[in-house]
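Here's start-v8.cif, which has mmCIF, C-alpha atoms:
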data_input
#
loop_
_atom_site.label_atom_id
_atom_site.label_comp_id
_atom_site.auth_asym_id
_atom_site.auth_seq_id
_atom_site.Cartn_x
_atom_site.Cartn_y
_atom_site.Cartn_z
CA MET A 1 -23.99 35.15 13.42
CA LYS A 2 -27.49 34.78 12.01
CA PHE A 3 -28.35 33.82 8.43
CA SER A 4 -31.55 33.56 6.39
CA LYS A 5 -32.65 32.01 3.12
CA CYS A 6 -31.41 34.08 0.18
CA GLY A 7 -32.04 34.68 -3.51
CA PRO A 8 -29.70 33.84 -6.38
CA LEU A 9 -25.95 34.34 -6.02
CA ARG A 10 -24.37 36.05 -9.01
CA GLY A 11 -21.01 37.58 -9.81
CA GLU A 12 -17.31 36.90 -9.40
CA VAL A 13 -15.30 35.97 -6.35
CA THR A 14 -11.57 35.50 -5.76
CA VAL A 15 -10.93 33.19 -2.83
CA PRO A 16 -7.85 33.55 -0.59
CA GLY A 17 -4.56 31.81 -1.32
CA ASP A 18 -4.22 28.08 -0.78
CA LYS A 19 -3.57 27.29 2.88
CA SER A 20 -1.35 24.26 2.19
CA VAL A 21 0.82 26.15 -0.31
CA SER A 22 1.06 29.24 1.92
CA HIS A 23 2.30 27.19 4.91
CA ARG A 24 4.92 25.38 2.85
CA SER A 25 6.23 28.50 1.12
CA VAL A 26 7.14 30.05 4.48
CA MET A 27 8.65 26.84 5.87
CA PHE A 28 10.74 26.01 2.82
CA GLY A 29 11.73 29.65 2.33
CA SER A 30 12.99 29.76 5.92
CA ILE A 31 15.42 26.85 5.41
CA ALA A 32 16.48 27.99 1.93
CA LYS A 33 19.33 30.32 1.02
CA GLY A 34 18.25 33.78 -0.10
CA THR A 35 14.85 35.47 -0.18
CA THR A 36 11.59 33.73 -1.04
CA GLU A 37 8.92 36.07 -2.42
CA ILE A 38 5.36 34.83 -1.85
CA HIS A 39 2.36 36.37 -3.63
CA ASN A 40 -1.33 35.82 -2.70
CA PHE A 41 -0.30 34.46 0.71
CA LEU A 42 -3.24 33.42 2.88
CA GLN A 43 -3.54 35.86 5.79
CA GLY A 44 -5.49 33.34 7.88
CA ALA A 45 -4.74 32.52 11.50
CA ASP A 46 -3.18 29.13 10.70
CA CYS A 47 -0.64 30.51 8.23
CA LEU A 48 0.17 33.40 10.56
CA SER A 49 1.03 30.77 13.20
CA THR A 50 3.64 29.37 10.80
CA ILE A 51 5.15 32.84 10.28
CA SER A 52 5.23 33.39 14.04
CA CYS A 53 7.05 30.10 14.70
CA PHE A 54 9.80 30.80 12.17
CA ARG A 55 10.24 34.39 13.33
CA LYS A 56 10.84 33.02 16.83
CA MET A 57 13.63 30.88 15.33
CA GLY A 58 15.46 33.88 13.89
CA ILE A 59 13.96 34.13 10.39
CA ALA A 60 13.23 37.67 9.17
CA ILE A 61 9.82 37.67 7.49
CA ASP A 62 8.27 40.81 5.98
CA ASN A 63 4.49 40.39 5.85
CA LYS A 64 3.18 43.09 3.52
CA GLY A 65 -0.29 41.60 3.20
CA ASP A 66 -0.64 40.12 -0.27
CA THR A 67 3.15 39.69 -0.53
CA VAL A 68 5.39 38.01 2.04
CA LEU A 69 9.19 38.05 1.92
CA VAL A 70 11.01 35.26 3.76
CA HIS A 71 14.74 35.89 4.26
CA GLY A 72 16.01 32.33 4.53
CA ARG A 73 19.10 31.34 6.50
CA GLY A 74 19.80 27.98 4.89
CA MET A 75 19.30 24.38 5.97
CA HIS A 76 20.97 24.85 9.35
CA GLY A 77 20.21 28.52 10.01
CA LEU A 78 17.36 28.19 12.48
CA ARG A 79 18.07 29.32 16.03
CA LYS A 80 16.75 27.97 19.30
CA PRO A 81 13.61 29.97 20.15
CA GLU A 82 13.05 31.67 23.46
CA GLY A 83 10.11 29.84 24.94
CA ILE A 84 7.55 27.49 23.43
CA LEU A 85 6.50 27.52 19.75
CA ASP A 86 2.72 28.02 19.59
CA CYS A 87 1.13 26.49 16.46
CA GLY A 88 -2.35 27.81 17.28
CA ASN A 89 -5.07 25.74 15.56
CA SER A 90 -2.77 24.53 12.78
CA GLY A 91 -2.15 20.81 12.36
CA THR A 92 -0.08 21.56 9.26
CA THR A 93 2.26 23.81 11.23
CA THR A 94 2.59 21.31 14.08
CA ARG A 95 3.29 18.24 11.97
CA LEU A 96 5.44 19.71 9.19
CA ILE A 97 7.61 21.83 11.46
CA SER A 98 8.33 18.69 13.53
CA GLY A 99 10.10 17.14 10.55
CA ILE A 100 12.35 20.19 10.24
CA LEU A 101 13.01 20.51 13.98
CA ALA A 102 13.96 16.84 14.27
CA ALA A 103 17.28 17.66 12.57
CA GLN A 104 18.20 20.96 14.25
CA ASP A 105 20.85 21.34 16.96
CA PHE A 106 18.55 22.49 19.77
CA THR A 107 15.60 21.37 21.91
CA VAL A 108 12.20 22.99 21.43
CA THR A 109 8.64 22.49 22.69
CA LEU A 110 5.69 22.73 20.29
CA THR A 111 2.12 23.28 21.40
CA GLY A 112 -1.16 24.70 20.13
CA ASP A 113 -4.73 25.43 21.14
CA ALA A 114 -7.13 23.00 22.83
CA SER A 115 -8.03 21.40 19.48
CA ILE A 116 -4.38 20.78 18.52
CA GLN A 117 -3.74 19.22 21.92
CA LYS A 118 -6.33 16.54 21.09
CA ARG A 119 -5.19 15.76 17.52
CA PRO A 120 -3.13 12.61 16.89
CA MET A 121 0.63 13.25 16.70
CA LYS A 122 1.78 9.66 17.20
CA ARG A 123 1.42 9.30 13.43
CA ILE A 124 4.49 11.57 13.02
CA VAL A 125 6.27 10.75 16.29
CA ASP A 126 6.67 7.08 15.35
CA PRO A 127 8.25 7.49 11.89
CA LEU A 128 10.43 10.43 12.96
CA SER A 129 11.65 8.37 15.94
CA ARG A 130 12.54 5.54 13.55
CA MET A 131 14.72 8.06 11.69
CA GLY A 132 16.59 8.81 14.92
CA ALA A 133 14.62 11.84 16.10
CA LYS A 134 14.24 12.51 19.80
CA ILE A 135 10.59 13.49 19.94
CA ARG A 136 8.05 12.83 22.67
CA SER A 137 4.53 13.72 23.72
CA ILE A 138 5.06 15.59 26.99
CA GLN A 139 1.78 14.32 28.43
CA ASP A 140 2.48 10.85 27.04
CA ASN A 141 -0.90 10.77 25.27
CA GLY A 142 0.27 10.86 21.65
CA CYS A 143 -0.69 14.53 21.31
CA ALA A 144 0.92 17.98 21.65
CA PRO A 145 2.71 19.50 23.47
CA LEU A 146 5.72 17.83 21.83
CA GLU A 147 9.33 18.11 22.97
CA ILE A 148 11.80 17.75 20.09
CA THR A 149 15.58 17.52 20.46
CA GLY A 150 17.37 17.69 17.14
CA SER A 151 19.67 14.79 16.32
CA PRO A 152 21.37 13.07 13.34
CA LEU A 153 18.78 11.32 11.17
CA GLN A 154 18.80 8.24 8.93
CA GLY A 155 16.60 7.78 5.89
CA ILE A 156 13.86 5.14 6.19
CA ARG A 157 11.31 3.31 4.10
CA TYR A 158 7.96 4.04 5.70
CA LEU A 159 4.62 2.43 4.92
CA SER A 160 2.07 4.96 6.15
CA PRO A 161 -1.21 3.52 7.48
CA VAL A 162 -3.02 6.73 6.46
CA ALA A 163 -3.03 8.81 3.27
CA SER A 164 -2.00 12.08 4.93
CA ALA A 165 -0.02 14.86 3.30
CA GLN A 166 0.93 16.13 6.76
CA VAL A 167 2.44 12.80 7.80
CA LYS A 168 4.18 12.34 4.45
CA SER A 169 5.53 15.91 4.50
CA ALA A 170 6.91 15.64 8.06
CA ILE A 171 8.92 12.57 7.02
CA LEU A 172 10.08 14.09 3.72
CA LEU A 173 11.25 17.26 5.48
CA ALA A 174 13.23 15.17 7.96
CA GLY A 175 14.56 13.27 4.94
CA LEU A 176 16.06 16.49 3.61
CA PHE A 177 18.52 16.35 6.53
CA ALA A 178 18.87 12.57 6.82
CA GLU A 179 21.65 10.29 5.66
CA GLY A 180 20.55 8.21 2.67
CA GLU A 181 17.24 7.96 0.87
CA THR A 182 13.81 8.33 2.50
CA ARG A 183 10.71 6.70 0.99
CA VAL A 184 7.09 7.19 2.14
CA THR A 185 4.42 4.88 0.70
CA GLU A 186 0.75 5.72 1.26
CA PRO A 187 -2.39 3.60 0.82
CA GLU A 188 -3.68 6.28 -1.59
CA LEU A 189 -1.92 9.36 -2.99
CA SER A 190 -2.41 12.39 -0.70
CA ARG A 191 -1.92 16.00 -1.81
CA ASN A 192 1.53 16.56 -3.31
CA HIS A 193 2.23 20.26 -2.67
CA THR A 194 5.35 19.38 -0.64
CA GLU A 195 6.90 17.33 -3.44
CA LEU A 196 6.13 19.95 -6.12
CA MET A 197 7.44 22.88 -4.09
CA LEU A 198 10.53 21.16 -2.67
CA SER A 199 11.53 20.27 -6.21
CA ARG A 200 11.29 23.96 -7.18
CA PHE A 201 13.51 24.87 -4.20
CA GLY A 202 16.17 22.44 -5.45
CA ALA A 203 15.48 19.22 -3.54
CA ASP A 204 15.98 15.78 -5.09
CA VAL A 205 12.41 14.46 -4.73
CA HIS A 206 10.17 12.39 -6.97
CA THR A 207 7.08 10.17 -6.88
CA GLU A 208 6.72 6.51 -7.83
CA ASN A 209 2.99 5.61 -7.83
CA THR A 210 1.95 6.25 -4.18
CA THR A 211 5.56 6.45 -2.92
CA ALA A 212 7.37 9.77 -2.41
CA VAL A 213 11.17 9.53 -2.51
CA ILE A 214 13.62 12.16 -1.26
CA ARG A 215 17.39 12.31 -0.91
CA PRO A 216 19.27 14.67 1.44
CA ALA A 217 19.71 18.20 0.13
CA PRO A 218 22.98 20.12 0.58
CA GLU A 219 21.03 23.36 0.11
CA LEU A 220 17.66 24.82 -0.93
CA TYR A 221 17.35 28.14 -2.77
CA GLY A 222 14.77 30.91 -2.36
CA GLN A 223 12.01 31.11 -4.98
CA LYS A 224 9.17 33.31 -6.19
CA ILE A 225 5.89 31.60 -5.26
CA LEU A 226 2.48 32.51 -6.72
CA VAL A 227 -0.07 30.91 -4.39
CA PRO A 228 -3.22 29.73 -6.22
CA GLY A 229 -6.69 30.29 -4.77
CA ASP A 230 -7.63 27.59 -2.27
CA ILE A 231 -10.01 25.00 -3.75
CA SER A 232 -11.13 24.15 -0.21
CA SER A 233 -12.38 27.74 0.14
CA ALA A 234 -13.80 27.79 -3.39
CA ALA A 235 -15.85 24.67 -2.55
CA PHE A 236 -18.37 26.72 -0.53
CA PHE A 237 -19.12 28.97 -3.51
CA LEU A 238 -19.26 25.95 -5.81
CA ALA A 239 -21.94 24.50 -3.55
CA ALA A 240 -23.86 27.76 -3.21
CA GLY A 241 -23.81 28.31 -6.97
CA LEU A 242 -25.06 24.79 -7.64
CA LEU A 243 -27.76 24.75 -4.97
CA VAL A 244 -29.37 28.21 -4.83
CA PRO A 245 -31.81 28.47 -7.77
CA GLY A 246 -30.89 30.99 -10.46
CA SER A 247 -27.26 31.31 -9.34
CA GLU A 248 -24.19 31.77 -11.54
CA ILE A 249 -20.76 32.35 -9.95
CA LEU A 250 -17.30 32.73 -11.50
CA ILE A 251 -14.56 31.77 -9.01
CA ARG A 252 -11.21 33.17 -10.11
CA ASN A 253 -7.72 31.60 -10.03
CA VAL A 254 -8.45 28.37 -8.16
CA GLY A 255 -5.81 25.68 -7.69
CA ILE A 256 -6.91 22.46 -9.41
CA ASN A 257 -4.01 20.20 -8.42
CA PRO A 258 -5.17 16.64 -9.26
CA THR A 259 -4.42 15.53 -5.68
CA ARG A 260 -6.93 18.18 -4.51
CA ASP A 261 -9.63 18.29 -7.21
CA GLY A 262 -11.92 15.55 -5.91
CA ILE A 263 -14.64 18.14 -5.21
CA LEU A 264 -14.78 18.94 -8.95
CA ARG A 265 -15.12 15.26 -9.86
CA VAL A 266 -17.86 14.75 -7.28
CA CYS A 267 -19.80 17.82 -8.44
CA ARG A 268 -19.73 16.61 -12.03
CA LYS A 269 -20.78 13.10 -11.02
CA MET A 270 -23.73 14.62 -9.14
CA GLY A 271 -24.80 16.47 -12.29
CA ALA A 272 -23.23 19.91 -11.80
CA ASP A 273 -23.10 22.58 -14.50
CA LEU A 274 -19.41 23.34 -13.93
CA THR A 275 -16.91 24.70 -16.46
CA LEU A 276 -13.14 25.22 -16.11
CA LEU A 277 -11.85 28.31 -17.92
CA GLY A 278 -8.29 29.51 -18.61
CA VAL A 279 -6.54 26.40 -17.31
CA ASN A 280 -2.78 26.97 -16.92
CA GLN A 281 0.23 25.83 -14.91
CA ASP A 282 2.38 28.94 -15.22
CA ALA A 283 3.10 29.15 -11.48
CA GLY A 284 4.01 25.51 -10.85
CA GLU A 285 0.53 24.47 -9.66
CA PRO A 286 -2.38 24.07 -12.13
CA VAL A 287 -5.05 26.80 -11.81
CA ALA A 288 -8.32 27.70 -13.53
CA ASP A 289 -11.38 29.91 -13.23
CA LEU A 290 -14.46 27.90 -12.21
CA LEU A 291 -17.85 28.85 -13.69
CA VAL A 292 -20.72 27.25 -11.79
CA LYS A 293 -24.47 27.50 -12.43
CA SER A 294 -27.43 26.23 -10.41
CA SER A 295 -28.07 22.56 -11.18
CA HIS A 296 -30.33 19.62 -10.35
CA LEU A 297 -28.08 17.25 -8.39
CA HIS A 298 -28.46 13.54 -7.65
CA GLY A 299 -26.95 11.36 -4.95
CA ILE A 300 -23.79 9.28 -5.47
CA THR A 301 -21.41 7.04 -3.53
CA ILE A 302 -18.08 8.62 -2.53
CA GLY A 303 -15.22 6.47 -1.24
CA GLY A 304 -11.85 4.89 -1.94
CA ALA A 305 -8.99 6.68 -3.67
CA ILE A 306 -10.90 9.95 -4.14
CA ILE A 307 -11.26 10.59 -0.39
CA PRO A 308 -7.76 12.08 0.22
CA THR A 309 -8.38 14.50 -2.70
CA LEU A 310 -11.47 16.02 -1.02
CA ILE A 311 -11.10 15.27 2.70
CA ASP A 312 -11.53 18.95 3.68
CA GLU A 313 -14.51 19.36 1.33
CA LEU A 314 -16.57 16.49 2.75
CA PRO A 315 -18.60 18.73 5.13
CA ILE A 316 -19.87 20.91 2.27
CA ILE A 317 -20.39 17.81 0.09
CA ALA A 318 -22.57 16.35 2.86
CA ALA A 319 -24.63 19.55 2.89
CA MET A 320 -24.95 19.44 -0.92
CA ALA A 321 -26.21 15.86 -0.66
CA CYS A 322 -29.17 17.05 1.46
CA PHE A 323 -30.45 18.98 -1.56
CA ALA A 324 -29.67 16.25 -4.12
CA GLU A 325 -32.19 13.72 -5.34
CA GLY A 326 -31.74 10.25 -3.82
CA GLU A 327 -29.14 8.81 -1.49
CA THR A 328 -25.51 9.85 -1.06
CA ILE A 329 -23.09 7.53 0.75
CA ILE A 330 -19.75 8.83 2.08
CA ARG A 331 -17.38 6.07 3.21
CA ASP A 332 -13.64 5.49 3.88
CA ALA A 333 -13.60 8.89 5.60
CA ALA A 334 -12.74 8.02 9.21
CA GLU A 335 -9.99 10.67 8.99
CA LEU A 336 -12.78 13.24 9.43
CA LYS A 337 -12.95 12.25 13.09
CA VAL A 338 -9.50 13.73 13.83
CA LYS A 339 -9.78 17.09 12.08
CA GLU A 340 -10.39 20.41 13.89
CA SER A 341 -13.50 18.67 15.20
CA ASN A 342 -15.01 15.20 14.73
CA ARG A 343 -16.55 16.32 11.47
CA ILE A 344 -18.69 13.21 11.02
CA ASP A 345 -20.37 13.68 14.39
CA VAL A 346 -20.67 17.46 14.04
CA MET A 347 -22.16 17.30 10.53
CA VAL A 348 -24.69 14.61 11.46
CA ARG A 349 -25.82 16.47 14.59
CA ASN A 350 -26.16 19.85 12.88
CA LEU A 351 -27.76 18.58 9.65
CA SER A 352 -30.23 16.58 11.75
CA ALA A 353 -31.06 19.73 13.71
CA MET A 354 -32.02 21.37 10.39
CA GLY A 355 -34.27 18.43 9.51
CA ALA A 356 -32.00 16.44 7.18
CA ASP A 357 -32.28 12.67 6.86
CA VAL A 358 -28.67 11.77 7.72
CA GLU A 359 -27.16 8.73 9.40
CA GLU A 360 -23.68 8.36 10.89
CA THR A 361 -21.61 5.30 9.96
CA ALA A 362 -18.25 4.06 11.27
CA ASP A 363 -16.32 5.79 8.47
CA GLY A 364 -18.71 8.35 7.02
CA MET A 365 -22.42 9.01 6.64
CA ILE A 366 -25.52 8.27 4.59
CA ILE A 367 -27.60 11.25 3.45
CA ARG A 368 -31.06 10.83 1.93
CA GLY A 369 -31.68 14.00 0.00
CA GLY A 370 -34.80 15.91 -0.85
CA ARG A 371 -36.11 16.76 2.61
CA PRO A 372 -36.53 20.54 3.12
CA LEU A 373 -34.25 22.06 5.74
CA SER A 374 -35.22 24.57 8.41
CA GLY A 375 -33.10 27.09 10.27
CA ALA A 376 -31.53 25.94 13.53
CA VAL A 377 -28.87 26.87 16.08
CA ILE A 378 -25.60 25.40 14.76
CA ASP A 379 -22.60 24.71 16.98
CA SER A 380 -19.55 25.10 14.75
CA ARG A 381 -17.27 23.61 17.46
CA LEU A 382 -14.93 26.44 16.35
CA ASP A 383 -14.26 24.48 13.13
CA HIS A 384 -13.92 26.90 10.22
CA ARG A 385 -15.17 24.46 7.58
CA ILE A 386 -18.25 23.60 9.63
CA ALA A 387 -19.14 27.29 10.05
CA MET A 388 -18.81 27.99 6.30
CA THR A 389 -20.77 24.85 5.39
CA PHE A 390 -23.77 25.92 7.46
CA ALA A 391 -23.63 29.50 6.19
CA VAL A 392 -24.22 27.98 2.73
CA ALA A 393 -26.90 25.57 4.00
CA ALA A 394 -28.67 28.54 5.63
CA CYS A 395 -29.04 30.13 2.18
CA LEU A 396 -31.50 27.33 1.34
CA ALA A 397 -33.17 26.65 4.70
CA GLU A 398 -36.52 28.10 5.76
CA GLY A 399 -36.29 30.52 8.67
CA GLU A 400 -33.25 31.76 10.55
CA THR A 401 -30.00 29.88 11.19
CA GLU A 402 -27.67 30.95 13.99
CA ILE A 403 -24.04 29.79 13.85
CA LEU A 404 -22.22 29.75 17.18
CA GLY A 405 -18.49 30.51 16.99
CA ALA A 406 -18.92 31.89 13.48
CA GLU A 407 -15.71 33.95 13.75
CA CYS A 408 -13.62 30.77 13.44
CA VAL A 409 -13.67 31.23 9.64
CA ASN A 410 -10.69 33.56 10.22
CA ILE A 411 -8.54 30.43 10.39
CA SER A 412 -8.71 30.00 6.61
CA TYR A 413 -11.01 32.67 5.07
CA PRO A 414 -11.26 35.95 7.01
CA GLY A 415 -13.51 37.65 4.40
CA PHE A 416 -15.86 34.71 3.77
CA TYR A 417 -19.12 36.21 5.06
CA GLN A 418 -18.53 39.50 3.22
CA ASP A 419 -17.86 37.66 -0.06
CA LEU A 420 -20.98 35.53 0.38
CA GLU A 421 -23.16 38.56 1.13
CA ARG A 422 -21.76 40.46 -1.87
CA LEU A 423 -22.89 37.71 -4.28
CA VAL A 424 -26.48 37.61 -3.00
CA GLN A 425 -28.84 39.39 -5.39
#
Can you give me the file's structure in the form of structure tokens?
Amino acid sequence: MKFSKCGPLRGEVTVPGDKSVSHRSVMFGSIAKGTTEIHNFLQGADCLSTISCFRKMGIAIDNKGDTVLVHGRGMHGLRKPEGILDCGNSGTTTRLISGILAAQDFTVTLTGDASIQKRPMKRIVDPLSRMGAKIRSIQDNGCAPLEITGSPLQGIRYLSPVASAQVKSAILLAGLFAEGETRVTEPELSRNHTELMLSRFGADVHTENTTAVIRPAPELYGQKILVPGDISSAAFFLAAGLLVPGSEILIRNVGINPTRDGILRVCRKMGADLTLLGVNQDAGEPVADLLVKSSHLHGITIGGAIIPTLIDELPIIAAMACFAEGETIIRDAAELKVKESNRIDVMVRNLSAMGADVEETADGMIIRGGRPLSGAVIDSRLDHRIAMTFAVAACLAEGETEILGAECVNISYPGFYQDLERLVQ
């Protein structure tokens, strides 16, 4: 797709449901007793992969668009699928479902697309194996495809080398079925959607500082889930509203979970005119409307404990930094190298192609803002967050920007380009 510099963005937008919450609502609903009713479910390719996997294991799921009904069969109600489970492009599906499958009474093979088959799975294979799981990388390279044979599990105390909600969640889900208590300690607190939602479904789970603790559950029970808008999707409109002169955007019903709101803290630290309206926690996760107005931003240093709270927003933050005054340093973000693409390398290459002053470091990048950007040909590497980042950058760049593989936004935000175009005055 081709994009050009645009005028102010004004109006309201409602972003799709949170990807993390949508995945978990289907998974937990499938192993709960009774029906789980999910509203504002994200109809992106990743979440549809989760639905597909559980349907193949005998779970009846009615996908009515905005509402999804999951007819759970209880903790031990999954059936051996016919054939391989395909997780598509979804790391969340691959890693979280592994924790559940580790305790079932059948053998299954998990795989995904070319990107998934390069992403590190040893980080879940090792702790799940310590719990007694029979799980192996078929190609013996620490990646999918994975073969999992369900077996009796024992609770463990695990010190995770990375702050990763996917790793933590895989272990906690195995802990639901394990004998004794399971504890996962992280270097920093990662997003806590699993802990919050499992508690609603009836699990005995709590947090002690950066340690999540779970005890085996005799049963989970179906719930009504209202999925908040995804802050990772809202981030692109936050950036556009801040950067494009004369803009004012109201982003409705956005999840502002404190383990996910790092983008809001960074925007404010950079000098953003950003207001939270109607804050409430009626649906179990805190939500608010975000009012953002064009602002004069300045560079900052981003690192340490805040990184897990904005790991998916770092590409758009890097683009914002190009238009900020002074230097922005992003560090402690080596995890970006093992996302859908190596996001450090991809961002540096593409921003440089547009004329930005950006330098790659071992665990992040240094961006010296203030240099005007020009349109370029952008290779998204089929990474949805890269494609959306450069659609926003193109709104401020001189000339035409062409994004290769632009359709990959369907992974998390199928209507993104239409929503962006609608706001342009």
Contacts of Val392 of chain A within 10 Å, only C-alpha atoms, excl. fewer than 2 positions in-chain, as a PyMOL selection string: chain A and resi 3-6+236-237+239-241+243-244+316+319-320+387-390+394-397+417+420
Answer as a list in words, residues within 12 Å of (-17.0, 6.9, 11.6) using all atoms listed in the file: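 Checked against the point, the hits come out as Ile330, Arg331, Asp332, Ala333, Ala334, Glu335, Leu336, Lys337, Val338, Asn342, Arg343, Ile344, Asp345, Val346, Met347, Val348, Glu359, Glu360, Thr361, Ala362, Asp363, Gly364, Met365 and Ile366 of chain A.
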Distance of atom CA of Ile256 of chain A from atom CA of Ser295 of chain A, expressed in Å to one decimal place: 21.2 Å
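Relative to atom CA of Arg200 of chain A, atom CA of Ile307 of chain A is found at 27.1 Å.
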Under the rule of at most 12 Å, produce a per-residue listing of segment 46-112 of chain A near segment 156-170 of chain A: chain, number, name, the closest pair of atoms, and the distance in Å, as CSV, using all atoms listed in the file.
residue,atom,partner,partner_atom,distance
A:Ser90,CA,A:Gln166,CA,11.0
A:Gly91,CA,A:Gln166,CA,7.9
A:Thr92,CA,A:Gln166,CA,6.1
A:Thr93,CA,A:Gln166,CA,9.0
A:Thr94,CA,A:Gln166,CA,9.1
A:Arg95,CA,A:Ala170,CA,5.9
A:Leu96,CA,A:Ala170,CA,4.5
A:Ile97,CA,A:Ala170,CA,7.1
A:Ser98,CA,A:Ala170,CA,6.4
A:Gly99,CA,A:Ala170,CA,4.3
A:Ile100,CA,A:Ala170,CA,7.4
A:Leu101,CA,A:Ala170,CA,9.8
A:Ala102,CA,A:Ala170,CA,9.5
A:Ala103,CA,A:Ala170,CA,11.5
Neighbour residues at most 10 Å from (-2.1, 24.7, -12.2) (all atoms listed in the file) as a count of residues only: 17
Target residues per the PyMOL selection byres ((chain A and resi 400-402) around 10), formatted as an MDAnalysis selection string: chainID A and resid 1:5 354 374:379 390:391 393:395 397:399 403:406
Separation of atom CA of Arg381 of chain A from atom CA of Ala144 of chain A, in Å and rounded to one decimal: 19.5 Å
Closest of A:Cys47, A:Val108, A:Ala217, A:Met57 to Asn89 of chain A - atom-to-atom distances counting only C-alpha atoms: A:Cys47
Ground truth for the PyMOL selection byres ((chain A and resi 230) around 12), written as a PyMOL selection string: chain A and resi 14-22+40-42+44+227-229+231-237+251-257+260-261+285-289+312-313+412-413
Residue nearest Ser115 of chain A - candidates A:Asn350, A:Ser341, A:Thr309, A:Ser129, atoms counted: all atoms listed in the file: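 Of A:Asn350, A:Ser341, A:Thr309, A:Ser129, the one nearest Ser115 of chain A is A:Ser341, counting all atoms listed in the file.
Checking A:Leu264, A:Val13, A:Leu78, A:Cys87 one by one against Gln117 of chain A, counting only C-alpha atoms, you find the shortest gap at A:Cys87.
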Picked residues, the PyMOL selection byres ((chain A and resi 80-82) around 9), expected as a PyMOL selection string: chain A and resi 53-58+78-79+83-85+104-108
Go ahead and fit an axis-aligned box to every listed atom of segment 56-61 of chain A plus 4 Å each side, and pass me the centre and edge lengths in Å, one decimal, as JSON.
{"center_x": 12.6, "center_y": 34.3, "center_z": 12.2, "size_x": 13.6, "size_y": 14.8, "size_z": 17.3}
Distance query Pro218 of chain A at most 8 Å, all atoms listed in the file, self and fewer than 2 positions along chain excluded, as a VMD selection string: chain A and resid 75 216 220
Contact residues around Pro120 of chain A with all atoms listed in the file at 8 Å, ignoring same-chain residues under 3 positions, as a list in words: Arg123, Gly142, Cys143 and Val338 of chain A
Counting all atoms listed in the file, the option among A:Glu340, A:Glu219, A:Asp126, A:Asp46 closest to Ala32 of chain A: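 For Ala32 of chain A, the nearest of the candidates is A:Glu219.
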Selection: 9 Å around Glu327 of chain A, all atoms listed in the file, excl. self and same-chain fewer than 2 positions, as a VMD selection string: chain A and resid 298 to 301 321 to 322 324 to 325 329 366 to 369
